[in-house]
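Text of my_file-v8.txt (compact mmCIF, C-alpha atoms and all ligand atoms) as supplied:
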```txt
# COMPACT_ATOMS: atom_id res chain seq x y z
CA MET A 1304 79.15 -18.54 -12.07
CA LEU A 1305 79.12 -21.81 -10.20
CA THR A 1306 79.58 -20.14 -6.83
CA GLN A 1307 77.47 -17.10 -7.52
CA ALA A 1308 73.73 -17.01 -6.85
CA PRO A 1309 71.64 -15.83 -9.82
CA LYS A 1310 71.15 -12.07 -10.11
CA GLY A 1311 68.34 -10.79 -7.91
CA THR A 1312 68.45 -13.69 -5.46
CA GLN A 1313 69.76 -13.79 -1.94
CA ASP A 1314 70.68 -16.51 0.52
CA MET A 1315 69.10 -16.42 3.93
CA LEU A 1316 72.22 -17.10 5.96
CA PRO A 1317 72.33 -18.64 9.46
CA LYS A 1318 73.26 -15.26 10.96
CA ASP A 1319 69.94 -13.83 9.73
CA ALA A 1320 67.71 -16.87 10.12
CA TYR A 1321 66.48 -15.91 13.57
CA ARG A 1322 65.12 -12.63 12.17
CA TRP A 1323 63.06 -14.50 9.59
CA GLN A 1324 61.88 -16.87 12.29
CA GLU A 1325 60.89 -13.94 14.49
CA ILE A 1326 58.90 -12.34 11.66
CA ALA A 1327 57.17 -15.68 11.04
CA ARG A 1328 56.40 -16.07 14.75
CA THR A 1329 54.85 -12.61 15.09
CA MET A 1330 52.84 -13.19 11.92
CA ARG A 1331 51.56 -16.55 13.13
CA GLU A 1332 50.63 -15.25 16.58
CA ALA A 1333 48.88 -12.09 15.42
CA CYS A 1334 46.93 -14.04 12.78
CA ALA A 1335 45.90 -16.72 15.27
CA LEU A 1336 44.59 -14.03 17.65
CA ALA A 1337 42.36 -12.70 14.89
CA GLY A 1338 41.13 -16.12 13.70
CA TYR A 1339 43.21 -16.47 10.53
CA GLN A 1340 44.41 -19.88 9.31
CA GLU A 1341 47.48 -20.68 7.28
CA ILE A 1342 47.40 -21.57 3.61
CA ARG A 1343 50.34 -22.61 1.41
CA THR A 1344 49.89 -22.74 -2.33
CA PRO A 1345 52.37 -23.96 -4.97
CA ILE A 1346 55.28 -21.82 -6.09
CA PHE A 1347 54.08 -22.13 -9.69
CA GLU A 1348 50.66 -21.98 -11.28
CA HIS A 1349 49.19 -22.02 -14.78
CA THR A 1350 50.20 -18.78 -16.48
CA GLU A 1351 46.58 -18.01 -17.27
CA LEU A 1352 45.81 -17.65 -13.56
CA PHE A 1353 48.02 -14.60 -13.30
CA GLN A 1354 46.94 -13.18 -16.65
CA ARG A 1355 43.37 -13.25 -15.37
CA GLY A 1356 44.00 -12.85 -11.65
CA VAL A 1357 46.62 -10.10 -11.66
CA GLY A 1358 45.51 -8.54 -14.90
CA ASP A 1359 46.79 -8.59 -18.46
CA THR A 1360 47.31 -4.84 -18.45
CA THR A 1361 49.62 -4.73 -15.46
CA ASP A 1362 53.39 -4.31 -15.61
CA VAL A 1363 53.76 -7.47 -13.55
CA VAL A 1364 52.06 -9.65 -16.16
CA GLN A 1365 53.38 -7.81 -19.20
CA LYS A 1366 57.03 -7.52 -18.23
CA GLU A 1367 58.01 -9.22 -15.02
CA MET A 1368 56.79 -12.82 -14.88
CA TYR A 1369 58.98 -15.91 -14.91
CA THR A 1370 57.03 -17.89 -17.48
CA PHE A 1371 58.19 -21.09 -19.14
CA GLU A 1372 56.85 -24.15 -20.88
CA ASP A 1373 57.19 -27.39 -18.92
CA LYS A 1374 57.92 -30.79 -20.47
CA GLY A 1375 54.18 -31.35 -20.97
CA ASN A 1376 53.96 -28.12 -23.02
CA ARG A 1377 51.97 -26.29 -20.34
CA SER A 1378 52.65 -22.64 -19.79
CA ILE A 1379 53.77 -22.33 -16.19
CA THR A 1380 54.58 -19.17 -14.20
CA LEU A 1381 56.43 -18.78 -10.92
CA LYS A 1382 54.06 -16.83 -8.70
CA PRO A 1383 54.65 -13.07 -8.89
CA GLU A 1384 52.37 -12.37 -5.91
CA GLY A 1385 50.34 -14.30 -3.37
CA THR A 1386 46.70 -13.44 -3.95
CA ALA A 1387 45.90 -15.24 -7.21
CA GLY A 1388 47.05 -18.64 -5.89
CA ALA A 1389 45.00 -18.21 -2.72
CA VAL A 1390 41.91 -17.31 -4.74
CA ARG A 1391 42.45 -20.32 -7.01
CA ALA A 1392 42.73 -22.60 -3.96
CA PHE A 1393 39.65 -21.01 -2.37
CA ILE A 1394 37.63 -21.85 -5.48
CA GLU A 1395 39.18 -25.26 -6.21
CA SER A 1396 38.64 -26.59 -2.68
CA HIS A 1397 35.11 -25.15 -2.47
CA MET A 1398 35.93 -23.06 0.56
CA TYR A 1399 33.12 -20.76 -0.56
CA ALA A 1400 30.68 -23.47 0.56
CA GLU A 1401 32.09 -23.40 4.10
CA THR A 1402 31.20 -20.93 6.80
CA LEU A 1403 32.12 -17.50 5.59
CA PRO A 1404 34.19 -15.46 5.97
CA VAL A 1405 37.26 -17.58 5.29
CA LYS A 1406 40.29 -15.83 6.79
CA LEU A 1407 43.67 -16.98 5.47
CA TYR A 1408 47.30 -16.02 5.89
CA TYR A 1409 50.60 -17.05 4.38
CA SER A 1410 54.06 -16.53 5.75
CA ALA A 1411 57.31 -15.90 3.84
CA CYS A 1412 55.73 -16.98 0.57
CA PRO A 1413 58.41 -16.93 -2.20
CA CYS A 1414 57.44 -14.69 -5.12
CA PHE A 1415 59.28 -14.10 -8.39
CA ARG A 1416 59.48 -11.05 -10.61
CA TYR A 1417 61.95 -10.29 -13.34
CA GLU A 1418 62.74 -6.78 -12.07
CA LYS A 1419 65.46 -4.53 -13.40
CA PRO A 1420 68.56 -5.23 -11.32
CA GLN A 1421 69.42 -1.53 -10.95
CA SER A 1422 66.21 -0.88 -9.05
CA GLY A 1423 67.68 -2.82 -6.12
CA ARG A 1424 64.71 -5.15 -6.07
CA LEU A 1425 65.04 -8.89 -5.72
CA ARG A 1426 63.86 -11.33 -8.34
CA GLN A 1427 62.99 -13.86 -5.67
CA PHE A 1428 61.43 -12.12 -2.69
CA HIS A 1429 59.20 -13.25 0.15
CA GLN A 1430 55.84 -12.02 1.30
CA ASN A 1431 53.60 -12.34 4.26
CA GLY A 1432 49.99 -11.93 3.31
CA VAL A 1433 46.40 -12.24 4.44
CA GLU A 1434 43.30 -12.83 2.33
CA VAL A 1435 39.70 -12.75 3.56
CA PHE A 1436 36.85 -14.11 1.48
CA GLY A 1437 33.14 -13.57 2.01
CA ALA A 1438 33.19 -10.42 4.14
CA LYS A 1439 31.75 -7.30 2.58
CA ASP A 1440 31.59 -4.98 5.57
CA ALA A 1441 34.33 -2.40 5.95
CA SER A 1442 35.01 -3.76 9.43
CA VAL A 1443 37.18 -6.42 7.81
CA ASP A 1444 39.06 -3.77 5.80
CA ALA A 1445 39.87 -2.10 9.12
CA GLU A 1446 40.73 -5.44 10.72
CA ILE A 1447 43.36 -6.43 8.18
CA ILE A 1448 44.92 -2.97 8.34
CA LYS A 1449 45.17 -3.19 12.13
CA LEU A 1450 46.63 -6.68 11.82
CA ALA A 1451 49.35 -5.40 9.48
CA MET A 1452 50.14 -2.52 11.84
CA ASP A 1453 50.36 -4.89 14.80
CA ILE A 1454 52.73 -7.24 12.98
CA LEU A 1455 54.98 -4.38 11.87
CA HIS A 1456 55.08 -2.96 15.41
CA ALA A 1457 55.86 -6.39 16.85
CA ASN A 1458 58.93 -6.39 14.60
CA GLY A 1459 60.22 -3.04 15.83
CA ILE A 1460 58.96 -1.17 12.75
CA ASP A 1461 57.43 2.04 14.11
CA GLY A 1462 56.87 5.53 12.75
CA LEU A 1463 54.44 4.19 10.18
CA ARG A 1464 51.96 6.18 8.15
CA LEU A 1465 48.73 4.64 6.95
CA ASN A 1466 47.37 6.00 3.68
CA ILE A 1467 43.95 4.94 2.46
CA ASN A 1468 41.90 5.53 -0.65
CA SER A 1469 38.91 4.13 -2.48
CA ILE A 1470 39.11 3.24 -6.16
CA GLY A 1471 35.38 2.59 -6.48
CA CYS A 1472 33.63 -0.30 -8.16
CA PRO A 1473 32.73 -1.18 -11.75
CA ASN A 1474 29.53 0.89 -11.30
CA CYS A 1475 31.25 4.18 -10.61
CA ARG A 1476 34.66 3.62 -12.18
CA ALA A 1477 33.62 3.57 -15.84
CA ALA A 1478 32.24 7.11 -15.71
CA TYR A 1479 35.25 8.25 -13.72
CA LEU A 1480 37.71 6.77 -16.24
CA GLU A 1481 36.02 8.76 -19.01
CA LYS A 1482 36.49 11.93 -16.95
CA LEU A 1483 40.10 11.03 -16.21
CA LYS A 1484 40.91 10.29 -19.84
CA ALA A 1485 39.34 13.56 -20.95
CA TYR A 1486 41.60 15.32 -18.43
CA LEU A 1487 44.74 13.38 -19.43
CA GLU A 1488 44.38 13.42 -23.20
CA PRO A 1489 45.68 16.95 -23.85
CA LYS A 1490 48.60 16.29 -21.48
CA LEU A 1491 49.61 13.00 -23.11
CA PRO A 1492 52.62 14.34 -25.05
CA THR A 1493 54.14 15.64 -21.80
CA LEU A 1494 53.85 12.29 -20.01
CA CYS A 1495 56.50 9.59 -19.80
CA LYS A 1496 56.57 6.76 -22.33
CA THR A 1497 55.15 4.18 -19.94
CA CYS A 1498 52.24 6.42 -19.09
CA GLN A 1499 51.49 7.05 -22.74
CA GLU A 1500 51.11 3.28 -23.09
CA ARG A 1501 48.99 3.15 -19.94
CA PHE A 1502 46.53 5.74 -21.22
CA GLU A 1503 44.29 3.23 -22.99
CA ARG A 1504 44.68 0.12 -20.87
CA ASN A 1505 45.18 1.42 -17.34
CA PRO A 1506 44.86 5.20 -17.06
CA MET A 1507 44.54 5.22 -13.27
CA ARG A 1508 48.11 3.97 -13.00
CA ILE A 1509 49.28 7.26 -14.53
CA LEU A 1510 48.31 9.03 -11.30
CA ASP A 1511 50.73 6.67 -9.54
CA CYS A 1512 53.73 7.53 -11.76
CA LYS A 1513 56.57 9.09 -9.78
CA GLU A 1514 57.64 11.15 -12.75
CA ASP A 1515 54.26 12.42 -13.89
CA ALA A 1516 52.17 12.61 -10.72
CA PRO A 1517 53.51 16.08 -9.76
CA LYS A 1518 52.14 17.49 -13.05
CA LEU A 1519 48.73 15.97 -12.41
CA THR A 1520 47.76 17.30 -9.00
CA ASP A 1521 44.51 18.75 -10.33
CA ALA A 1522 43.40 15.47 -11.93
CA PRO A 1523 39.88 14.36 -11.04
CA ALA A 1524 40.02 11.92 -8.09
CA MET A 1525 38.15 8.65 -7.96
CA LEU A 1526 37.31 9.55 -4.38
CA ASP A 1527 35.15 12.47 -5.54
CA ASN A 1528 33.31 10.27 -8.02
CA LEU A 1529 32.27 7.29 -5.90
CA CYS A 1530 28.78 5.81 -6.12
CA GLU A 1531 26.65 5.80 -2.97
CA ASP A 1532 27.64 2.24 -2.03
CA CYS A 1533 31.39 2.92 -2.39
CA ALA A 1534 31.17 6.28 -0.60
CA GLY A 1535 29.27 4.65 2.28
CA HIS A 1536 31.88 1.86 2.51
CA PHE A 1537 34.70 4.39 2.72
CA GLU A 1538 32.93 6.38 5.45
CA LYS A 1539 32.44 3.18 7.47
CA LEU A 1540 36.11 2.26 7.05
CA LYS A 1541 37.17 5.64 8.43
CA GLY A 1542 34.83 5.15 11.37
CA TYR A 1543 36.22 1.69 12.19
CA LEU A 1544 39.83 2.87 11.92
CA GLY A 1545 39.01 5.71 14.28
CA ALA A 1546 37.35 3.30 16.71
CA MET A 1547 40.59 1.27 16.84
CA GLY A 1548 42.64 4.40 17.39
CA LEU A 1549 44.48 4.17 14.06
CA ASP A 1550 45.61 7.42 12.48
CA TYR A 1551 45.38 7.61 8.72
CA ALA A 1552 45.67 10.00 5.82
CA ILE A 1553 43.61 9.91 2.66
CA ASP A 1554 45.82 9.65 -0.40
CA PRO A 1555 43.88 9.81 -3.67
CA ARG A 1556 47.05 8.78 -5.57
CA ILE A 1557 46.99 5.19 -4.32
CA VAL A 1558 45.60 3.08 -7.14
CA ARG A 1559 47.45 -0.23 -6.71
CA GLY A 1560 47.18 -0.81 -10.42
CA LEU A 1561 45.54 -4.21 -10.47
CA ASP A 1562 42.37 -4.54 -12.50
CA TYR A 1563 40.25 -6.28 -9.91
CA TYR A 1564 40.79 -4.01 -6.95
CA THR A 1565 37.59 -2.37 -5.77
CA LYS A 1566 36.78 0.14 -3.06
CA THR A 1567 39.42 0.17 -0.31
CA VAL A 1568 43.11 0.38 -1.17
CA PHE A 1569 45.81 1.23 1.33
CA GLU A 1570 49.53 1.49 1.90
CA ILE A 1571 51.61 1.52 5.04
CA ILE A 1572 54.62 3.75 4.56
CA THR A 1573 57.78 4.58 6.40
CA ASP A 1574 60.52 7.16 5.79
CA ALA A 1575 63.65 6.09 3.91
CA PRO A 1576 67.07 7.52 4.84
CA ASP A 1577 67.34 9.27 1.44
CA GLY A 1578 64.27 11.38 2.28
CA GLY A 1579 61.97 9.20 0.21
CA GLU A 1580 59.34 6.75 1.30
CA LEU A 1581 59.21 2.99 1.56
CA THR A 1582 56.00 1.02 1.31
CA VAL A 1583 56.17 -1.85 3.78
CA CYS A 1584 52.65 -3.14 3.25
CA GLY A 1585 50.00 -2.64 0.60
CA GLY A 1586 46.64 -4.12 -0.07
CA GLY A 1587 43.06 -3.68 -1.01
CA ARG A 1588 39.66 -5.09 -1.68
CA TYR A 1589 39.05 -7.25 -4.75
CA ASP A 1590 35.34 -7.97 -4.75
CA GLY A 1591 35.35 -9.02 -8.42
CA LEU A 1592 38.28 -11.42 -8.40
CA VAL A 1593 36.75 -14.69 -7.20
CA GLU A 1594 34.06 -14.43 -9.85
CA GLU A 1595 36.59 -13.41 -12.50
CA LEU A 1596 38.52 -16.61 -11.79
CA GLY A 1597 35.46 -18.82 -12.10
CA GLY A 1598 34.08 -18.94 -8.56
CA PRO A 1599 30.78 -17.65 -7.21
CA ALA A 1600 30.64 -13.88 -6.64
CA THR A 1601 32.44 -13.47 -3.31
CA PRO A 1602 33.94 -10.32 -1.83
CA GLY A 1603 37.65 -10.51 -1.03
CA ILE A 1604 40.33 -8.37 0.54
CA GLY A 1605 43.99 -8.81 1.44
CA TRP A 1606 47.46 -7.36 1.79
CA GLY A 1607 51.07 -8.26 1.13
CA MET A 1608 54.08 -7.38 3.26
CA GLY A 1609 57.61 -7.86 1.92
CA ILE A 1610 59.92 -9.61 4.34
CA GLU A 1611 63.19 -8.38 2.82
CA ARG A 1612 61.81 -4.87 3.09
CA MET A 1613 60.89 -5.37 6.76
CA ILE A 1614 64.45 -6.51 7.41
CA MET A 1615 65.80 -3.52 5.53
CA VAL A 1616 63.71 -1.14 7.64
CA GLN A 1617 64.83 -2.89 10.84
CA ASP A 1618 68.43 -2.36 9.72
CA MET A 1619 67.77 1.31 8.95
CA ARG A 1620 66.22 1.83 12.36
CA GLY A 1621 68.64 -0.35 14.29
CA SER A 1622 65.57 -2.15 15.59
CA ALA A 1623 66.52 -5.68 14.61
CA PRO A 1624 65.74 -8.13 17.42
CA ALA A 1625 68.71 -9.34 19.47
CA ALA A 1626 70.24 -12.61 18.30
CA PRO A 1627 69.18 -15.50 20.52
CA ALA A 1628 71.60 -16.74 23.16
CA PRO A 1629 74.14 -19.26 21.89
CA LEU A 1630 74.53 -22.69 23.48
CA ASP A 1631 73.90 -22.85 27.24
CA VAL A 1632 76.60 -25.44 27.80
CA LEU A 1633 79.55 -26.97 25.97
CA VAL A 1634 80.73 -30.33 27.20
CA VAL A 1635 84.53 -30.64 27.00
CA THR A 1636 85.99 -34.12 27.16
CA LEU A 1637 89.41 -35.77 27.34
CA GLY A 1638 89.82 -39.34 26.18
CA ASP A 1639 87.50 -41.84 24.52
CA ASP A 1640 85.66 -42.97 27.67
CA ALA A 1641 85.03 -39.39 28.71
CA ARG A 1642 83.81 -38.61 25.23
CA MET A 1643 81.31 -41.48 25.44
CA GLU A 1644 80.04 -40.02 28.71
CA GLY A 1645 79.93 -36.57 27.08
CA VAL A 1646 77.70 -37.80 24.27
CA LYS A 1647 75.35 -39.27 26.87
CA LEU A 1648 75.33 -36.11 29.00
CA VAL A 1649 74.62 -33.85 26.01
CA SER A 1650 71.57 -35.88 25.07
CA GLU A 1651 70.33 -35.76 28.70
CA LEU A 1652 70.76 -31.98 28.78
CA ARG A 1653 68.94 -31.48 25.49
CA ALA A 1654 66.08 -33.67 26.70
CA LYS A 1655 65.65 -31.21 29.57
CA GLY A 1656 65.60 -28.20 27.26
CA ILE A 1657 69.16 -27.08 27.86
CA LYS A 1658 71.00 -26.06 24.70
CA ALA A 1659 74.10 -28.24 24.81
CA ASP A 1660 76.75 -29.54 22.47
CA LEU A 1661 80.23 -31.05 22.46
CA ASP A 1662 83.16 -30.62 20.14
CA HIS A 1663 82.51 -32.92 17.21
CA ALA A 1664 85.81 -32.01 15.60
CA ALA A 1665 87.63 -34.04 18.31
CA ARG A 1666 90.07 -31.26 19.16
CA SER A 1667 92.52 -31.07 22.03
CA MET A 1668 91.22 -29.91 25.38
CA LYS A 1669 92.84 -26.50 25.00
CA ALA A 1670 91.24 -26.11 21.56
CA GLN A 1671 87.87 -27.15 22.98
CA PHE A 1672 88.05 -24.29 25.50
CA LYS A 1673 88.98 -21.92 22.69
CA TYR A 1674 85.93 -23.19 20.82
CA ALA A 1675 83.75 -22.55 23.90
CA ASN A 1676 85.00 -18.96 24.01
CA LYS A 1677 84.31 -18.48 20.32
CA LEU A 1678 80.76 -19.71 20.75
CA GLY A 1679 80.27 -17.37 23.71
CA VAL A 1680 79.20 -20.24 25.95
CA LYS A 1681 78.85 -19.24 29.58
CA LYS A 1682 79.18 -22.70 31.10
CA VAL A 1683 81.49 -25.58 30.26
CA ILE A 1684 81.27 -29.07 31.71
CA VAL A 1685 84.61 -30.90 31.80
CA ILE A 1686 84.81 -34.67 31.80
CA ALA A 1687 88.25 -36.28 31.91
CA GLY A 1688 89.57 -39.62 33.15
CA ASP A 1689 89.81 -38.50 36.80
CA GLU A 1690 86.27 -37.16 36.91
CA LEU A 1691 84.92 -40.26 35.25
CA GLU A 1692 86.44 -42.50 37.94
CA LYS A 1693 85.14 -40.34 40.77
CA GLY A 1694 81.66 -40.09 39.30
CA VAL A 1695 81.81 -36.30 39.03
CA VAL A 1696 82.12 -33.59 36.40
CA LYS A 1697 83.67 -30.16 36.61
CA LEU A 1698 81.37 -27.22 35.99
CA ARG A 1699 83.27 -24.18 34.80
CA ASP A 1700 81.72 -20.73 34.80
CA MET A 1701 83.44 -19.05 31.86
CA GLU A 1702 82.60 -15.50 32.93
CA ALA A 1703 83.69 -15.86 36.56
CA SER A 1704 86.52 -18.25 35.62
CA SER A 1705 85.49 -20.39 38.58
CA GLU A 1706 85.22 -24.14 38.71
CA ALA A 1707 83.27 -26.54 40.93
CA GLU A 1708 83.03 -30.30 41.16
CA VAL A 1709 79.51 -31.64 40.81
CA ALA A 1710 78.27 -35.23 41.13
CA ARG A 1711 77.52 -36.67 37.70
CA GLY A 1712 74.04 -37.60 38.90
CA GLU A 1713 73.35 -33.99 39.99
CA ILE A 1714 74.69 -31.95 37.08
CA VAL A 1715 71.55 -31.94 34.91
CA ASN A 1716 69.30 -30.88 37.79
CA LEU A 1717 71.78 -28.23 38.86
CA LEU A 1718 71.76 -26.68 35.38
CA ILE A 1719 67.97 -26.81 35.20
CA ARG A 1720 67.83 -24.79 38.44
CA ASN A 1721 70.35 -22.22 37.17
ZN ZN B 1 31.04 2.27 -6.68
ZN ZN B 2 54.66 8.28 -16.13
```
What would the structure in this file look like if it were written as structure tokens?
Ligand SMILES: [Zn+2]
Ligand SMILES: [Zn+2]
Amino acid sequence: MLTQAPKGTQDMLPKDAYRWQEIARTMREACALAGYQEIRTPIFEHTELFQRGVGDTTDVVQKEMYTFEDKGNRSITLKPEGTAGAVRAFIESHMYAETLPVKLYYSACPCFRYEKPQSGRLRQFHQNGVEVFGAKDASVDAEIIKLAMDILHANGIDGLRLNINSIGCPNCRAAYLEKLKAYLEPKLPTLCKTCQERFERNPMRILDCKEDAPKLTDAPAMLDNLCEDCAGHFEKLKGYLGAMGLDYAIDPRIVRGLDYYTKTVFEIITDAPDGGELTVCGGGRYDGLVEELGGPATPGIGWGMGIERMIMVQDMRGSAPAAPAPLDVLVVTLGDDARMEGVKLVSELRAKGIKADLDHAARSMKAQFKYANKLGVKKVIVIAGDELEKGVVKLRDMEASSEAEVARGEIVNLLIRN
């Protein structure tokens, strides 16, 4: 137990760290280009925030949250997703009184869900996300979708399919839900247990059920029952996506399942090796959420993108970025005086942006060369007693196995030039 991470958690090991850093870099750069600013919110929030902000009827809130009482008897929950915390911060810091829209992003935000271990999902996972507040035009829906596509492409994740849908607004959804329930009711006994429970509290989720969806292909679609405002919004979205050259398919089965989603919902999908599909990004508009959580009525929209899933798709495709080059130079020394000079030289090299190190394990010279080979270092600088006296160092090219004497005062400049 002591040396085993808890079920559903994973270490990010040094061998993978550069991939996480690369995902963070592409996220940061793409967001900066589009005028998004970073936000970081706490890992835990008051439980009520998620009950209200994710929705009491959702599986996440009902079954999957890490909720506990702290020493002050407050009910605390580790965040199961990124949006609710961002909305809470938006309201609490009065961002709604600033120039709108407010465009935010977060990078590798840790999220926690008590998922069944056999589903292969992690209990601590990490999400990139964007949230935009105060923009009601569908141009922003199109913008965040393009942003997600750009970030995925920048990480070697191609062959993506964009599926969009509209789930309407409170004005048109109530009438639609009546229609849907009338359609579903006679079929209830044939549906799975979960869906039977969903019938009252969240009937749209039934259309999303892997098991039952194939039996329900003739169900009434929200898309055919939109009010004028929602239908107009969806038409505009399609126009903007077309203008940016983004292909899309309309998928009336996307419902996203959260209570406060309105109008646009979308998923970005890629093929899995087993013939199935993997969702790498999902999001939607939540025009009712800021008000629901106690702020002034403010439209909102966002998406989440799972980092572990991005890494998994990179592995599937063999499109992981190349590992960065190891050290540029290892300084090999013999004797205490030479070692002193080595310490000095390494710090000079680093100050000039050259990745340099020496053998801190104080090994023999032969072992230091072995170490250089293991690290894959292309250049080694040798300082021994003789060199020290003559005011020179030896520069060894490990690939060519050639060696040259260089004046101590010249070595840093020489390496900068090469
Ligand atoms: Zn509507
Ligand atoms: Zn079902």
| request: Using only C-alpha atoms and all ligand atoms, pick whichever of A:Gly1542, A:Gly1587, A:Pro1506, A:Gly1603 has the shortest atom-to-atom distance to ligand ZN 2 (chain B). | output: A:Pro1506
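Counting all atoms listed in the file, the residue from A:Leu1381, A:Cys1530, A:Ile1557, A:Ile1719 that sits nearest to Arg1653 of chain A is A:Ile1719.
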| With distances taken over only C-alpha atoms, which of A:Arg1642, A:Arg1501, A:Lys1439, A:His1349 is nearest to Asp1532 of chain A? | A:Lys1439
| query | Contacts of segment 1699-1710 of chain A at 9 Å or less, counting all atoms listed in the file, minus same-chain residues fewer than 5 places along, as a PyMOL selection string? | reply | chain A and resi 1675-1676+1679-1685+1690+1693-1694+1717
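Atom CA of Leu1540 of chain A lies 14.7 Å from atom CA of Gly1605 of chain A.
Here the question is which of A:Gly1579, A:Gly1432, A:Pro1317, A:Gly1597 gets nearest to Ile1610 of chain A using only C-alpha atoms, and that residue is A:Gly1432.
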| query | Which is closer to ligand ZN 1 (chain B) than all the others in A:Ala1665, A:Met1619, A:Ile1571, A:Glu1531, using all atoms listed in the file? | reply |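 Looking at the shortest contact to ligand ZN 1 (chain B), the residue is A:Glu1531.
Rounded to one decimal, atom CA of Cys1498 of chain A and atom CA of Leu1483 of chain A lie 13.3 Å from each other.
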| message | Which residues are near ligand ZN 2 (chain B) - at most 12 Å, using only C-alpha atoms and all ligand atoms? Format: as a PyMOL selection string. | response | chain A and resi 1487+1490-1502+1505-1519
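Atom CA of Gln1427 of chain A to atom CA of Ala1411 of chain A spans 11.3 Å [interatomic distance, one decimal].
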| task | Using all atoms listed in the file, find each protein or nucleic acid residue lying at most 8 Å from ligand ZN 1 (chain B); present the set as a PyMOL selection string. | result | chain A and resi 1471-1476+1529-1534+1566
| query | Using only C-alpha atoms, which of A:Gly1621, A:Asp1373, A:Val1433, A:Ala1438 sits nearest Thr1402 of chain A? | reply |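 Nearest candidate to Thr1402 of chain A out of A:Gly1621, A:Asp1373, A:Val1433, A:Ala1438: A:Ala1438.
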Report as a tab-separated table: every residue of segment 1581-1695 of chain A with an atom at most 9 Å from segment 1322-1332 of chain A, its closest pair of atoms, and their distance in Å to one decimal, counting all atoms listed in the file, with rows sorted by chain and ascending residue number.
```
residue	atom	partner	partner_atom	distance
A:Ile1610	CA	A:Trp1323	CA	7.8
A:Met1613	CA	A:Ile1326	CA	8.7
A:Ile1614	CA	A:Arg1322	CA	7.8
A:Ala1623	CA	A:Arg1322	CA	7.5
A:Pro1624	CA	A:Arg1322	CA	6.9
A:Ala1625	CA	A:Arg1322	CA	8.8
A:Ala1626	CA	A:Arg1322	CA	8.0
```
Kindly save the residues from that selection, with C-alpha atoms included, as an mmCIF file, in the frame of the given file.
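Okay, this is what ended up in selection-v3.cif:
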```cif
data_model
loop_
_atom_site.group_PDB
_atom_site.id
_atom_site.type_symbol
_atom_site.label_atom_id
_atom_site.label_comp_id
_atom_site.auth_asym_id
_atom_site.auth_seq_id
_atom_site.Cartn_x
_atom_site.Cartn_y
_atom_site.Cartn_z
ATOM 1 C CA ILE A 1610 59.920 -9.610 4.340
ATOM 2 C CA MET A 1613 60.890 -5.370 6.760
ATOM 3 C CA ILE A 1614 64.450 -6.510 7.410
ATOM 4 C CA ALA A 1623 66.520 -5.680 14.610
ATOM 5 C CA PRO A 1624 65.740 -8.130 17.420
ATOM 6 C CA ALA A 1625 68.710 -9.340 19.470
ATOM 7 C CA ALA A 1626 70.240 -12.610 18.300
#
```
Near Glu1434 of chain A, counting all atoms listed in the file, which residues have an atom at most 8 Å away, once you skip same-chain residues fewer than 2 positions from it, shown as a PDB file with C-alpha atoms, keeping the file's coordinate frame?
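So the final result, stored in around_30.pdb, reads:
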```
ATOM      1  CA  THR A1386      46.700 -13.440  -3.950  1.00  0.00           C
ATOM      2  CA  ALA A1389      45.000 -18.210  -2.720  1.00  0.00           C
ATOM      3  CA  LYS A1406      40.290 -15.830   6.790  1.00  0.00           C
ATOM      4  CA  LEU A1407      43.670 -16.980   5.470  1.00  0.00           C
ATOM      5  CA  TYR A1408      47.300 -16.020   5.890  1.00  0.00           C
ATOM      6  CA  GLY A1432      49.990 -11.930   3.310  1.00  0.00           C
ATOM      7  CA  PHE A1436      36.850 -14.110   1.480  1.00  0.00           C
ATOM      8  CA  GLY A1603      37.650 -10.510  -1.030  1.00  0.00           C
ATOM      9  CA  ILE A1604      40.330  -8.370   0.540  1.00  0.00           C
ATOM     10  CA  GLY A1605      43.990  -8.810   1.440  1.00  0.00           C
ATOM     11  CA  TRP A1606      47.460  -7.360   1.790  1.00  0.00           C
TER      12      TRP A1606
END
```
For Gly1545 of chain A, please output as a PDB file with C-alpha atoms, in the frame of the given file all residues within 12 Å (counting all atoms listed in the file; exclusion window: fewer than 5 positions along the same chain).
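Final output, saved to selection.pdb:
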```pdb
ATOM      1  CA  SER A1442      35.010  -3.760   9.430  1.00  0.00           C
ATOM      2  CA  ALA A1445      39.870  -2.100   9.120  1.00  0.00           C
ATOM      3  CA  GLU A1446      40.730  -5.440  10.720  1.00  0.00           C
ATOM      4  CA  LYS A1449      45.170  -3.190  12.130  1.00  0.00           C
ATOM      5  CA  GLU A1538      32.930   6.380   5.450  1.00  0.00           C
ATOM      6  CA  LYS A1539      32.440   3.180   7.470  1.00  0.00           C
ATOM      7  CA  LEU A1540      36.110   2.260   7.050  1.00  0.00           C
ATOM      8  CA  ASP A1550      45.610   7.420  12.480  1.00  0.00           C
ATOM      9  CA  TYR A1551      45.380   7.610   8.720  1.00  0.00           C
ATOM     10  CA  ALA A1552      45.670  10.000   5.820  1.00  0.00           C
TER      11      ALA A1552
END
```
